[in-house]
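Shown next: model30.txt, given as compact mmCIF, C-alpha atoms.
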# COMPACT_ATOMS: atom_id res chain seq x y z
CA MET A 116 28.72 158.77 -76.52
CA LYS A 117 30.84 156.86 -74.01
CA PHE A 118 30.68 158.23 -70.48
CA ILE A 119 30.99 157.32 -66.80
CA ALA A 120 28.11 157.91 -64.37
CA ASP A 121 27.84 157.90 -60.58
CA PHE A 122 24.16 158.12 -59.64
CA HIS A 123 24.24 157.85 -55.85
CA ILE A 124 25.96 160.42 -53.61
CA HIS A 125 25.00 162.66 -50.71
CA SER A 126 25.02 166.42 -50.27
CA ARG A 127 26.33 168.45 -47.35
CA TYR A 128 22.84 168.25 -45.88
CA SER A 129 23.19 164.55 -45.08
CA ARG A 130 24.55 163.30 -41.76
CA ALA A 131 28.29 162.59 -41.54
CA THR A 132 28.91 164.29 -44.88
CA SER A 133 31.64 166.77 -45.85
CA ARG A 134 30.73 170.44 -46.02
CA ASP A 135 32.40 170.41 -49.43
CA MET A 136 29.65 168.26 -50.92
CA ASP A 137 28.19 171.21 -52.79
CA VAL A 138 27.61 171.62 -56.52
CA LYS A 139 30.94 173.34 -57.13
CA HIS A 140 33.10 170.71 -55.42
CA ILE A 141 31.10 167.76 -56.75
CA ALA A 142 31.65 169.04 -60.30
CA GLU A 143 35.34 169.71 -59.61
CA TRP A 144 35.97 166.20 -58.35
CA ALA A 145 33.92 164.63 -61.12
CA ARG A 146 36.36 166.24 -63.57
CA LEU A 147 39.36 164.99 -61.60
CA LYS A 148 37.95 161.46 -61.59
CA GLY A 149 36.84 161.46 -65.24
CA ILE A 150 33.09 161.26 -64.56
CA THR A 151 30.69 162.87 -67.02
CA LEU A 152 27.37 162.34 -65.20
CA MET A 153 26.74 162.75 -61.47
CA GLY A 154 23.66 162.10 -59.39
CA THR A 155 22.71 165.13 -57.34
CA GLY A 156 21.81 163.17 -54.23
CA ASP A 157 19.37 164.42 -51.59
CA PHE A 158 16.78 166.16 -53.78
CA THR A 159 14.24 165.67 -50.97
CA HIS A 160 16.04 168.30 -48.84
CA HIS A 161 14.58 171.74 -49.48
CA LEU A 162 17.83 173.69 -49.02
CA TRP A 163 19.79 171.39 -51.30
CA LEU A 164 17.02 171.49 -53.89
CA GLU A 165 17.21 175.29 -53.86
CA GLU A 166 20.96 175.08 -54.52
CA LEU A 167 20.40 172.64 -57.36
CA LYS A 168 17.79 174.86 -58.99
CA ALA A 169 20.08 177.88 -58.65
CA ASN A 170 23.25 176.21 -59.97
CA LEU A 171 22.18 173.66 -62.58
CA GLU A 172 21.31 174.45 -66.18
CA ASP A 173 18.25 172.51 -67.29
CA LEU A 174 19.08 170.85 -70.64
CA GLY A 175 15.48 169.90 -71.34
CA ASN A 176 16.24 166.18 -71.70
CA GLY A 177 16.05 165.13 -68.05
CA LEU A 178 19.67 166.06 -67.36
CA PHE A 179 21.28 169.22 -66.03
CA LYS A 180 24.71 170.81 -66.31
CA HIS A 181 27.21 172.75 -64.23
CA GLU A 182 30.63 173.80 -65.53
CA GLY A 183 30.85 170.95 -68.02
CA ILE A 184 29.56 168.20 -65.71
CA TYR A 185 26.13 166.67 -66.27
CA PHE A 186 23.75 165.91 -63.39
CA ILE A 187 20.72 163.69 -62.90
CA LEU A 188 18.26 164.33 -60.06
CA SER A 189 18.68 161.61 -57.42
CA SER A 190 17.90 160.98 -53.78
CA GLU A 191 18.00 158.16 -51.26
CA ILE A 192 15.10 157.37 -48.94
CA SER A 193 15.38 155.27 -45.78
CA SER A 194 12.23 153.28 -45.03
CA ILE A 195 11.92 151.87 -41.51
CA TYR A 196 8.65 150.01 -40.98
CA SER A 197 6.98 146.90 -39.62
CA LYS A 198 5.50 144.21 -41.83
CA LYS A 199 3.99 140.93 -40.71
CA GLY A 200 5.45 141.31 -37.24
CA ARG A 201 9.01 142.16 -38.28
CA THR A 202 10.88 145.46 -38.62
CA TYR A 203 12.55 146.23 -41.96
CA ARG A 204 15.07 148.94 -42.84
CA ILE A 205 15.35 149.47 -46.59
CA HIS A 206 17.27 152.14 -48.51
CA ASN A 207 16.11 153.05 -52.01
CA VAL A 208 17.58 155.42 -54.60
CA ILE A 209 15.16 157.45 -56.72
CA LEU A 210 16.05 159.11 -60.03
CA SER A 211 13.70 161.84 -61.24
CA PRO A 212 13.39 163.20 -64.82
CA SER A 213 12.60 166.82 -63.88
CA PHE A 214 12.34 169.43 -61.14
CA LYS A 215 8.57 169.35 -61.70
CA THR A 216 8.43 165.65 -60.82
CA THR A 217 10.84 166.18 -57.94
CA ASP A 218 8.63 168.90 -56.45
CA LYS A 219 5.64 166.54 -56.60
CA ILE A 220 7.63 163.76 -54.92
CA ASN A 221 8.71 166.05 -52.12
CA ALA A 222 5.21 167.43 -51.56
CA THR A 223 3.84 163.90 -51.23
CA LEU A 224 6.61 162.42 -49.09
CA ALA A 225 6.47 165.38 -46.70
CA ARG A 226 3.19 163.89 -45.44
CA TYR A 227 5.07 160.86 -44.12
CA GLY A 228 7.99 162.45 -42.31
CA ASN A 229 10.29 165.44 -41.87
CA LEU A 230 12.23 165.77 -45.13
CA ALA A 231 14.27 168.64 -43.69
CA SER A 232 15.78 166.49 -40.92
CA ASP A 233 18.43 164.92 -43.14
CA GLY A 234 19.50 164.74 -46.76
CA ARG A 235 18.57 161.06 -46.61
CA PRO A 236 15.23 161.23 -44.77
CA ILE A 237 13.85 158.39 -42.68
CA LEU A 238 10.21 157.62 -43.37
CA GLY A 239 7.96 155.10 -41.68
CA LEU A 240 6.78 154.03 -45.10
CA ASP A 241 6.62 150.50 -46.48
CA ALA A 242 9.11 150.20 -49.37
CA ALA A 243 6.37 148.83 -51.62
CA GLU A 244 4.15 151.80 -50.82
CA LEU A 245 7.06 154.19 -51.43
CA ALA A 246 7.57 152.64 -54.85
CA ARG A 247 3.85 152.91 -55.63
CA ILE A 248 3.84 156.60 -54.67
CA ILE A 249 6.87 157.35 -56.84
CA PHE A 250 5.52 155.55 -59.92
CA ASP A 251 2.06 157.10 -59.49
CA ILE A 252 3.65 160.54 -59.56
CA ASP A 253 5.74 159.80 -62.65
CA GLU A 254 6.14 156.38 -64.26
CA ASN A 255 9.41 157.57 -65.80
CA CYS A 256 11.12 157.73 -62.43
CA MET A 257 13.75 155.09 -61.76
CA PHE A 258 13.48 153.27 -58.44
CA ILE A 259 16.69 151.45 -57.48
CA PRO A 260 17.03 149.47 -54.24
CA GLY A 261 20.28 150.72 -52.71
CA HIS A 262 23.37 148.67 -51.70
CA ILE A 263 21.12 145.63 -51.59
CA TRP A 264 23.32 143.41 -49.38
CA THR A 265 24.31 145.79 -46.56
CA PRO A 266 23.33 144.08 -43.27
CA TRP A 267 21.46 146.88 -41.54
CA PHE A 268 19.72 148.90 -44.25
CA SER A 269 18.95 147.07 -47.49
CA LEU A 270 16.70 144.83 -49.52
CA PHE A 271 18.57 141.59 -48.72
CA GLY A 272 20.37 142.71 -45.54
CA SER A 273 20.92 139.99 -42.97
CA MET A 274 19.65 142.17 -40.11
CA SER A 275 16.70 143.93 -41.69
CA GLY A 276 15.93 142.66 -45.19
CA PHE A 277 13.99 140.12 -47.22
CA ASP A 278 14.89 136.86 -48.96
CA ARG A 279 12.96 137.72 -52.13
CA ILE A 280 12.54 141.04 -53.88
CA GLU A 281 8.85 140.26 -54.44
CA ASP A 282 8.30 139.99 -50.68
CA CYS A 283 9.57 143.53 -50.31
CA PHE A 284 8.03 145.36 -53.27
CA GLU A 285 5.03 143.13 -54.04
CA LYS A 286 3.14 144.42 -57.13
CA GLN A 287 5.71 147.17 -57.68
CA THR A 288 8.48 144.64 -58.36
CA GLU A 289 7.70 144.54 -62.08
CA SER A 290 8.38 148.29 -62.37
CA ILE A 291 11.87 147.96 -60.86
CA PHE A 292 14.63 147.07 -63.31
CA ALA A 293 17.92 148.01 -61.62
CA LEU A 294 19.62 147.09 -58.34
CA GLU A 295 22.63 148.70 -56.68
CA THR A 296 25.16 146.06 -55.62
CA GLY A 297 26.99 148.15 -52.97
CA LEU A 298 30.66 148.33 -52.04
CA SER A 299 30.81 144.93 -50.34
CA SER A 300 29.58 142.91 -53.33
CA ASP A 301 30.40 142.81 -57.02
CA PRO A 302 28.30 141.55 -59.96
CA ALA A 303 29.84 138.07 -59.86
CA MET A 304 28.46 137.54 -56.37
CA ASN A 305 25.01 138.64 -57.54
CA TRP A 306 25.13 136.36 -60.59
CA ARG A 307 24.80 133.42 -58.22
CA ILE A 308 21.13 134.34 -57.58
CA SER A 309 19.08 133.45 -60.67
CA SER A 310 16.12 135.64 -59.67
CA LEU A 311 18.31 138.73 -60.18
CA ASP A 312 19.13 137.95 -63.82
CA ARG A 313 16.59 140.36 -65.30
CA PHE A 314 17.92 143.35 -63.36
CA SER A 315 20.66 145.74 -64.43
CA LEU A 316 23.25 145.76 -61.66
CA VAL A 317 24.51 149.28 -61.09
CA SER A 318 27.37 150.46 -58.91
CA ASN A 319 27.71 153.90 -57.32
CA SER A 320 29.99 155.57 -54.82
CA ASP A 321 27.38 156.49 -52.16
CA SER A 322 29.96 159.18 -51.49
CA HIS A 323 29.85 161.46 -48.44
CA SER A 324 32.96 163.43 -49.46
CA PRO A 325 34.24 164.74 -52.82
CA ALA A 326 37.36 162.57 -52.99
CA LYS A 327 35.27 159.37 -52.79
CA ILE A 328 33.13 160.24 -55.80
CA GLY A 329 33.44 157.51 -58.43
CA ARG A 330 34.90 154.82 -56.17
CA GLU A 331 32.19 152.76 -57.88
CA ALA A 332 30.51 153.85 -61.11
CA ASN A 333 28.87 152.82 -64.40
CA VAL A 334 30.19 153.04 -67.96
CA PHE A 335 27.72 153.69 -70.79
CA ASP A 336 27.88 154.21 -74.53
CA CYS A 337 24.59 155.88 -75.38
CA GLU A 338 22.91 159.23 -75.83
CA LEU A 339 23.45 161.49 -72.85
CA SER A 340 19.81 161.92 -71.84
CA TYR A 341 17.55 160.69 -69.05
CA ALA A 342 15.30 158.71 -71.42
CA ALA A 343 18.23 156.98 -73.13
CA ILE A 344 19.86 155.97 -69.84
CA ARG A 345 16.56 154.70 -68.49
CA GLU A 346 15.98 152.62 -71.60
CA VAL A 347 19.47 151.12 -71.45
CA LEU A 348 18.98 150.09 -67.82
CA LYS A 349 15.46 148.82 -68.43
CA THR A 350 16.46 146.66 -71.40
CA LYS A 351 19.87 145.70 -69.96
CA ASP A 352 21.45 146.55 -73.31
CA LYS A 353 25.00 145.13 -73.27
CA LYS A 354 26.03 147.23 -76.27
CA LYS A 355 25.21 150.43 -74.40
CA PHE A 356 25.76 149.50 -70.74
CA LEU A 357 29.41 148.50 -71.10
CA TYR A 358 30.54 147.65 -67.56
CA THR A 359 30.59 148.77 -63.95
CA ILE A 360 33.55 150.02 -61.98
CA GLU A 361 33.82 148.17 -58.68
CA PHE A 362 35.69 148.14 -55.41
CA PHE A 363 37.37 144.85 -54.77
CA PRO A 364 34.36 143.72 -52.68
CA GLU A 365 36.63 142.53 -49.87
CA GLU A 366 37.41 146.21 -49.24
CA GLY A 367 33.77 146.90 -48.41
CA LYS A 368 33.08 147.21 -44.72
CA TYR A 369 30.50 144.42 -44.58
CA HIS A 370 32.04 141.78 -46.83
CA PHE A 371 32.76 139.21 -44.11
CA ASP A 372 31.03 138.47 -40.80
CA GLY A 373 32.27 139.35 -37.34
CA HIS A 374 32.46 141.70 -34.39
CA ARG A 375 34.52 144.85 -34.79
CA LEU A 376 34.76 145.56 -31.05
CA CYS A 377 36.03 142.03 -30.45
CA SER A 378 38.34 142.09 -33.50
CA VAL A 379 36.67 138.92 -34.73
CA ARG A 380 36.51 138.47 -38.52
CA PHE A 381 34.82 135.35 -39.91
CA SER A 382 34.44 133.89 -43.37
CA PRO A 383 31.03 132.29 -44.04
CA ALA A 384 32.51 128.88 -43.22
CA GLU A 385 33.94 130.11 -39.93
CA THR A 386 30.60 131.65 -38.98
CA LYS A 387 28.91 128.30 -39.52
CA GLU A 388 31.62 126.57 -37.50
CA HIS A 389 30.96 128.92 -34.58
CA LYS A 390 27.17 128.72 -35.06
CA GLY A 391 27.06 132.47 -35.65
CA ILE A 392 28.36 133.29 -32.17
CA CYS A 393 31.34 135.51 -31.36
CA PRO A 394 33.86 133.43 -29.36
CA LYS A 395 34.94 136.47 -27.32
CA CYS A 396 31.67 138.01 -26.14
CA GLY A 397 29.20 135.21 -26.80
CA ARG A 398 26.84 137.39 -28.83
CA PRO A 399 25.72 136.82 -32.43
CA VAL A 400 28.15 138.16 -35.02
CA THR A 401 27.08 140.68 -37.66
CA VAL A 402 26.42 138.56 -40.74
CA GLY A 403 27.94 140.25 -43.77
CA VAL A 404 27.42 140.23 -47.50
CA MET A 405 29.34 137.09 -48.47
CA SER A 406 27.41 134.92 -46.03
CA ARG A 407 24.13 136.42 -47.13
CA VAL A 408 24.92 135.71 -50.79
CA GLU A 409 25.86 132.14 -49.88
CA CYS A 410 22.53 131.81 -48.08
CA LEU A 411 20.41 132.91 -51.04
CA ALA A 412 22.55 131.58 -53.91
CA ASP A 413 21.14 128.88 -56.19
CA ARG A 414 24.23 128.78 -58.43
CA PRO A 415 27.87 127.91 -57.82
CA GLU A 416 30.61 130.48 -57.49
CA GLY A 417 31.91 131.46 -60.92
CA PHE A 418 28.62 131.15 -62.78
CA VAL A 419 28.15 133.84 -65.46
CA PRO A 420 24.62 134.48 -66.87
CA ALA A 421 24.33 134.91 -70.64
CA GLN A 422 23.21 138.56 -70.41
CA ALA A 423 25.59 139.60 -67.63
CA ILE A 424 27.09 143.09 -67.80
CA THR A 425 30.80 142.81 -67.12
CA TYR A 426 32.79 144.77 -64.52
CA LYS A 427 36.27 145.92 -63.55
CA ASN A 428 37.67 145.98 -60.01
CA LEU A 429 39.68 149.09 -59.22
CA ILE A 430 41.49 150.62 -56.27
CA PRO A 431 41.31 154.42 -55.93
CA LEU A 432 44.52 156.07 -57.11
CA ASP A 433 45.16 157.85 -53.81
CA GLU A 434 45.06 154.49 -51.99
CA ILE A 435 47.69 153.02 -54.33
CA MET A 436 49.85 156.12 -53.91
CA ALA A 437 49.48 156.03 -50.13
CA GLU A 438 50.50 152.38 -49.97
CA ALA A 439 53.49 153.08 -52.20
CA ARG A 440 54.68 155.78 -49.80
CA GLY A 441 53.66 153.96 -46.65
CA VAL A 442 51.57 156.92 -45.47
CA ASN A 443 47.91 157.81 -44.93
CA LYS A 444 46.00 158.64 -48.11
CA GLY A 445 45.03 161.98 -46.60
CA SER A 446 48.66 163.07 -46.34
CA VAL A 447 50.04 166.16 -48.06
CA ALA A 448 52.47 164.01 -50.06
CA VAL A 449 49.66 161.90 -51.54
CA GLU A 450 47.62 165.00 -52.33
CA ARG A 451 50.61 166.48 -54.18
CA ASP A 452 51.32 163.28 -56.08
CA TYR A 453 47.65 162.86 -57.00
CA ARG A 454 47.30 166.39 -58.39
CA ALA A 455 50.53 166.03 -60.35
CA ALA A 456 49.39 162.74 -61.89
CA ILE A 457 46.01 164.19 -62.86
CA ALA A 458 47.73 167.19 -64.46
CA ARG A 459 49.69 164.78 -66.68
CA PHE A 460 46.97 162.26 -67.55
CA GLY A 461 43.77 164.33 -67.45
CA ASN A 462 41.80 162.33 -64.91
CA GLU A 463 42.02 159.39 -62.52
CA PHE A 464 40.08 156.86 -64.59
CA ASN A 465 42.40 157.48 -67.53
CA ILE A 466 45.26 156.38 -65.29
CA LEU A 467 43.49 153.41 -63.73
CA LEU A 468 41.71 152.11 -66.85
CA ASN A 469 43.06 153.40 -70.13
CA ALA A 470 46.71 154.46 -70.21
CA SER A 471 49.15 151.82 -71.48
CA GLU A 472 52.16 150.70 -69.45
CA GLU A 473 54.40 152.76 -71.74
CA GLU A 474 52.24 155.86 -71.30
CA LEU A 475 52.13 155.42 -67.54
CA LEU A 476 55.91 155.11 -67.34
CA GLU A 477 56.32 158.43 -69.15
CA GLY A 478 54.67 160.25 -66.27
CA LEU A 479 54.74 158.01 -63.19
CA PRO A 480 57.44 156.18 -61.19
CA ARG A 481 57.98 152.51 -62.09
CA HIS A 482 56.97 151.36 -58.61
CA LEU A 483 53.62 153.12 -58.81
CA VAL A 484 53.02 151.81 -62.34
CA ASN A 485 53.70 148.29 -61.09
CA GLY A 486 51.01 148.80 -58.47
CA ILE A 487 48.49 150.01 -61.04
CA LEU A 488 49.25 147.06 -63.34
CA SER A 489 48.92 144.61 -60.44
CA MET A 490 45.49 146.07 -59.69
CA ARG A 491 44.40 145.71 -63.33
CA ARG A 492 45.45 142.05 -63.28
CA GLY A 493 43.68 141.40 -59.99
CA LYS A 494 46.97 140.54 -58.29
CA VAL A 495 46.14 141.93 -54.87
CA GLN A 496 46.38 140.84 -51.26
CA VAL A 497 43.13 141.20 -49.35
CA GLN A 498 42.03 141.47 -45.74
CA PRO A 499 38.21 141.50 -45.93
CA GLY A 500 36.15 144.17 -44.22
CA PHE A 501 33.62 143.19 -41.56
CA ASP A 502 31.05 144.66 -39.18
CA GLY A 503 31.51 148.26 -40.34
CA GLU A 504 35.29 148.20 -40.78
CA TYR A 505 36.71 148.63 -44.27
CA GLY A 506 38.91 145.86 -45.60
CA ARG A 507 42.48 146.35 -46.75
CA ILE A 508 43.64 145.75 -50.29
CA SER A 509 47.36 145.72 -51.06
CA VAL A 510 49.05 145.78 -54.47
CA PHE A 511 52.63 145.74 -53.19
CA SER A 512 54.50 142.82 -51.67
CA GLY A 513 56.16 143.22 -48.30
CA THR A 514 59.59 142.66 -49.80
CA GLU A 515 59.58 146.05 -51.54
CA THR A 516 61.26 148.58 -49.33
CA LYS A 517 59.89 152.00 -48.47
CA ASP A 518 63.28 153.52 -49.30
CA LYS A 519 62.89 152.43 -52.90
CA GLU A 520 59.30 153.69 -52.93
CA GLU A 521 60.28 157.09 -51.60
CA GLU A 522 63.15 157.47 -54.03
CA GLN A 523 60.98 156.68 -57.04
CA LEU A 524 58.01 158.76 -55.94
CA ARG A 525 60.22 161.84 -55.69
CA LEU A 526 60.01 161.90 -59.48
CA PHE A 527 56.76 163.82 -59.01

Take the structure in this file and express it as structure tokens.
Amino acid sequence: MKFIADFHIHSRYSRATSRDMDVKHIAEWARLKGITLMGTGDFTHHLWLEELKANLEDLGNGLFKHEGIYFILSSEISSIYSKKGRTYRIHNVILSPSFKTTDKINATLARYGNLASDGRPILGLDAAELARIIFDIDENCMFIPGHIWTPWFSLFGSMSGFDRIEDCFEKQTESIFALETGLSSDPAMNWRISSLDRFSLVSNSDSHSPAKIGREANVFDCELSYAAIREVLKTKDKKKFLYTIEFFPEEGKYHFDGHRLCSVRFSPAETKEHKGICPKCGRPVTVGVMSRVECLADRPEGFVPAQAITYKNLIPLDEIMAEARGVNKGSVAVERDYRAAIARFGNEFNILLNASEEELLEGLPRHLVNGILSMRRGKVQVQPGFDGEYGRISVFSGTETKDKEEEQLRLF
């Protein structure tokens, strides 16, 4: 069975998260996007876990269901700890095969911190020890280092991470078989590091609001069960793990280096030229993902490993519509256009990935179709994100007038 999965999200019990991140709205937006399998997020929070148990039908195969959408038990843990005289901040995503295992995880982790404080709890627990605890409870759990290049909270982060995965997870490294690339990197960037070849590279939305579900995701063709998905990721089976859906990594908010408050954005080369110092305030710049990849890479740009899982860069449909109209993506006009398009094509991924040009033109304005086709071909203009500020990706040239856009979009 071919399906799309987004394993990493957050519930309404996480900080800075929409109150609509409940089971009902997550399932609703998964349908709008075209996602079959959602991670629950935040299973360590007792109130959210109660909601999951009350609303999800246990299918007996490690997955659960609510109104036609499948769920897998997932949670993110933030480890902040000292090791060999240095402080590390590492985020890890855990997938659990059952409520029974989840209850055991929560009972154990509650000894190390207050799980009720946030949907993504902060524990003063070494990431290697966290992994050991999880695998001791249930060896069938999946332990996935989250958004591995983010500067402040990740495995390879420039501000708080390691240079080698073995230095972080020690003996537990051999039990880890998947890594989450994060919004600011794509698989091609990760292919430049040969030590990552054995890992399946997964992509997830890390969504804090329903509309952002699926902004990154994974496409499988396998049995819809926990064991089957785990086996596909463990063996990196290219016939069953088809590809990942990616942001254009430049849109991620830590792709380049810089200082947001000083409006300074640097490429890796510019950072080296300035010796890592902001020319406006004289303080070190925040080193982003691209520079960090350059630092650890042992292969040239463009190298493709033999067993690499391919990927497709997409721009969310509401962003393309907003650019076409010249308005904010949260506007009423974009909401109306989006709902109308979904009503005609079934879901967002069908529009972005599958529908032919002829099919798109039957239900969408030519200008919008041109934007979608430009995205598919990678013909975009980019302004990379840096130091916590999202980048900007454009599919329309500046010569196209808003009058023409408005006239065509009225076809909705």

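The gap separating CA of Val404 in chain A from CA of Gly506 in chain A is 12.9 Å, in Å to one decimal.
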
Quick one: distance from CA of Val138 in chain A to CA of Trp163 in chain A in Å, one decimal?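 Taking CA of Val138 in chain A and CA of Trp163 in chain A, their separation equals 9.4 Å.
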
Nearest to Phe501 in chain A among A:Phe381, A:Tyr453, A:Tyr203, A:Phe277, with distances taken over all atoms listed in the file: which residue is it?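 Among A:Phe381, A:Tyr453, A:Tyr203, A:Phe277, it is A:Phe381 that comes nearest to Phe501 in chain A.
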
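Proximity ranking of A:Ile308, A:Leu298, A:Leu468, A:Leu188 relative to Asp321 in chain A places A:Leu298 first, based on only C-alpha atoms.
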
Which neighbours of His370 in chain A fall inside 9 Å, counting only C-alpha atoms, when residues of the same chain fewer than 5 positions from it are skipped, and could you give them as a PyMOL selection string? chain A and resi 265+298-300+364-365+382+402-406+499-502+505-506

Excluding range 507-512 of chain A and any residue of its chain fewer than 4 positions from it, enumerate the residues within 7 Å of it, using all atoms listed in the file, and give them as JSON, numbers by chain. {"A": [366, 486, 489, 490, 494, 495, 496, 497, 498, 499]}

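Note that the spacing between CA of Ser471 in chain A and CA of Ile150 in chain A amounts to 19.9 Å.
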
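Closest approach to Gln422 in chain A among A:Leu479, A:Ile259, A:Ile466, A:Leu316 is made by A:Leu316 (distances from only C-alpha atoms).
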
Ranking A:Ala470, A:Leu483, A:Leu230, A:Leu210 by minimum distance to Arg345 in chain A and counting all atoms listed in the file, which one comes first?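 Nearest candidate to Arg345 in chain A out of A:Ala470, A:Leu483, A:Leu230, A:Leu210: A:Leu210.
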
Would you compute an axis-aligned box for range 150-154 of chain A, covering every atom listed for it in the file with 5 Å of margin on each side, and report centre and edge lengths in Å to one decimal as lines of an AutoDock Vina configuration file?
center_x = 28.4
center_y = 162.1
center_z = -63.2
size_x = 19.4
size_y = 11.6
size_z = 17.6

Counting all atoms listed in the file, the residue of A:Asp452, A:Asp241, A:Asp233, A:Glu191 that sits nearest His262 in chain A: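 Nearest candidate to His262 in chain A out of A:Asp452, A:Asp241, A:Asp233, A:Glu191: A:Glu191.
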
Tell me which residues come within 9 Å of (30.1, 157.9, -69.0), as a CSV table (one decimal) with C-alpha atoms, in the frame of the given file, counting only C-alpha atoms in the file's coordinates.
chain,number,residue,atom,x,y,z
A,116,MET,CA,28.7,158.8,-76.5
A,117,LYS,CA,30.8,156.9,-74.0
A,118,PHE,CA,30.7,158.2,-70.5
A,119,ILE,CA,31.0,157.3,-66.8
A,120,ALA,CA,28.1,157.9,-64.4
A,121,ASP,CA,27.8,157.9,-60.6
A,149,GLY,CA,36.8,161.5,-65.2
A,150,ILE,CA,33.1,161.3,-64.6
A,151,THR,CA,30.7,162.9,-67.0
A,152,LEU,CA,27.4,162.3,-65.2
A,332,ALA,CA,30.5,153.8,-61.1
A,333,ASN,CA,28.9,152.8,-64.4
A,334,VAL,CA,30.2,153.0,-68.0
A,335,PHE,CA,27.7,153.7,-70.8
A,336,ASP,CA,27.9,154.2,-74.5
A,337,CYS,CA,24.6,155.9,-75.4
A,339,LEU,CA,23.4,161.5,-72.8

Please list as a PDB file with C-alpha atoms, keeping the file's coordinate frame every residue within 12 Å of Ala421 in chain A, counting only C-alpha atoms and excluding residues in the same chain fewer than 4 positions away.
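out-v1.pdb written:
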ATOM      1  CA  TRP A 306      25.130 136.360 -60.590  1.00  0.00           C
ATOM      2  CA  SER A 309      19.080 133.450 -60.670  1.00  0.00           C
ATOM      3  CA  ASP A 312      19.130 137.950 -63.820  1.00  0.00           C
ATOM      4  CA  ARG A 313      16.590 140.360 -65.300  1.00  0.00           C
ATOM      5  CA  LYS A 351      19.870 145.700 -69.960  1.00  0.00           C
ATOM      6  CA  LYS A 353      25.000 145.130 -73.270  1.00  0.00           C
ATOM      7  CA  THR A 425      30.800 142.810 -67.120  1.00  0.00           C
TER       8      THR A 425
END

Between A:Cys393, A:Val442, A:Ala142, A:Leu348, which one has atoms that come closest to Arg380 in chain A, using all atoms listed in the file?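 Of A:Cys393, A:Val442, A:Ala142, A:Leu348, the one nearest Arg380 in chain A is A:Cys393, counting all atoms listed in the file.
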
So which residues touch range 169-175 of chain A within 10 Å, counting only C-alpha atoms, skipping near sequence neighbours fewer than 6 positions away, as JSON, numbers by chain? {"A": [138, 139, 163, 181, 182, 184, 185, 186, 212, 213, 214, 340, 341]}

Can you list, as a list in words, every protein, DNA or RNA residue that comes within 9 Å of Met274 in chain A when you count only C-alpha atoms, leaving out same-chain residues fewer than 2 positions away? Tyr203, Arg204, Thr265, Pro266, Trp267, Phe268, Ser269, Phe271, Gly272, Gly276, Thr401 and Val402 of chain A

Quick one: range 488-500 of chain A with N, CA and C atoms, as a PDB file, keeping the file's coordinate frame?
ATOM      1  N   LEU A 488      49.358 148.250 -62.491  1.00  0.00           N
ATOM      2  CA  LEU A 488      49.250 147.060 -63.340  1.00  0.00           C
ATOM      3  C   LEU A 488      48.836 145.832 -62.528  1.00  0.00           C
ATOM      4  N   SER A 489      49.334 145.726 -61.305  1.00  0.00           N
ATOM      5  CA  SER A 489      48.920 144.610 -60.440  1.00  0.00           C
ATOM      6  C   SER A 489      47.424 144.676 -60.161  1.00  0.00           C
ATOM      7  N   MET A 490      46.929 145.885 -59.924  1.00  0.00           N
ATOM      8  CA  MET A 490      45.490 146.070 -59.690  1.00  0.00           C
ATOM      9  C   MET A 490      44.696 145.637 -60.912  1.00  0.00           C
ATOM     10  N   ARG A 491      45.121 146.064 -62.101  1.00  0.00           N
ATOM     11  CA  ARG A 491      44.400 145.710 -63.330  1.00  0.00           C
ATOM     12  C   ARG A 491      44.341 144.204 -63.522  1.00  0.00           C
ATOM     13  N   ARG A 492      45.391 143.508 -63.111  1.00  0.00           N
ATOM     14  CA  ARG A 492      45.450 142.050 -63.280  1.00  0.00           C
ATOM     15  C   ARG A 492      44.792 141.303 -62.128  1.00  0.00           C
ATOM     16  N   GLY A 493      44.306 142.039 -61.133  1.00  0.00           N
ATOM     17  CA  GLY A 493      43.680 141.400 -59.990  1.00  0.00           C
ATOM     18  C   GLY A 493      44.656 140.754 -59.043  1.00  0.00           C
ATOM     19  N   LYS A 494      45.943 141.111 -59.165  1.00  0.00           N
ATOM     20  CA  LYS A 494      46.970 140.540 -58.290  1.00  0.00           C
ATOM     21  C   LYS A 494      47.092 141.404 -57.032  1.00  0.00           C
ATOM     22  N   VAL A 495      46.195 141.139 -56.092  1.00  0.00           N
ATOM     23  CA  VAL A 495      46.140 141.930 -54.870  1.00  0.00           C
ATOM     24  C   VAL A 495      46.094 141.006 -53.656  1.00  0.00           C
ATOM     25  N   GLN A 496      46.515 141.542 -52.535  1.00  0.00           N
ATOM     26  CA  GLN A 496      46.380 140.840 -51.260  1.00  0.00           C
ATOM     27  C   GLN A 496      45.222 141.482 -50.507  1.00  0.00           C
ATOM     28  N   VAL A 497      44.347 140.660 -49.948  1.00  0.00           N
ATOM     29  CA  VAL A 497      43.130 141.200 -49.350  1.00  0.00           C
ATOM     30  C   VAL A 497      42.988 140.799 -47.890  1.00  0.00           C
ATOM     31  N   GLN A 498      42.445 141.718 -47.119  1.00  0.00           N
ATOM     32  CA  GLN A 498      42.030 141.470 -45.740  1.00  0.00           C
ATOM     33  C   GLN A 498      40.590 141.966 -45.663  1.00  0.00           C
ATOM     34  N   PRO A 499      39.601 141.071 -45.757  1.00  0.00           N
ATOM     35  CA  PRO A 499      38.210 141.500 -45.930  1.00  0.00           C
ATOM     36  C   PRO A 499      37.690 142.382 -44.808  1.00  0.00           C
ATOM     37  N   GLY A 500      36.837 143.334 -45.199  1.00  0.00           N
ATOM     38  CA  GLY A 500      36.150 144.170 -44.220  1.00  0.00           C
ATOM     39  C   GLY A 500      35.056 143.396 -43.516  1.00  0.00           C
TER      40      GLY A 500
END
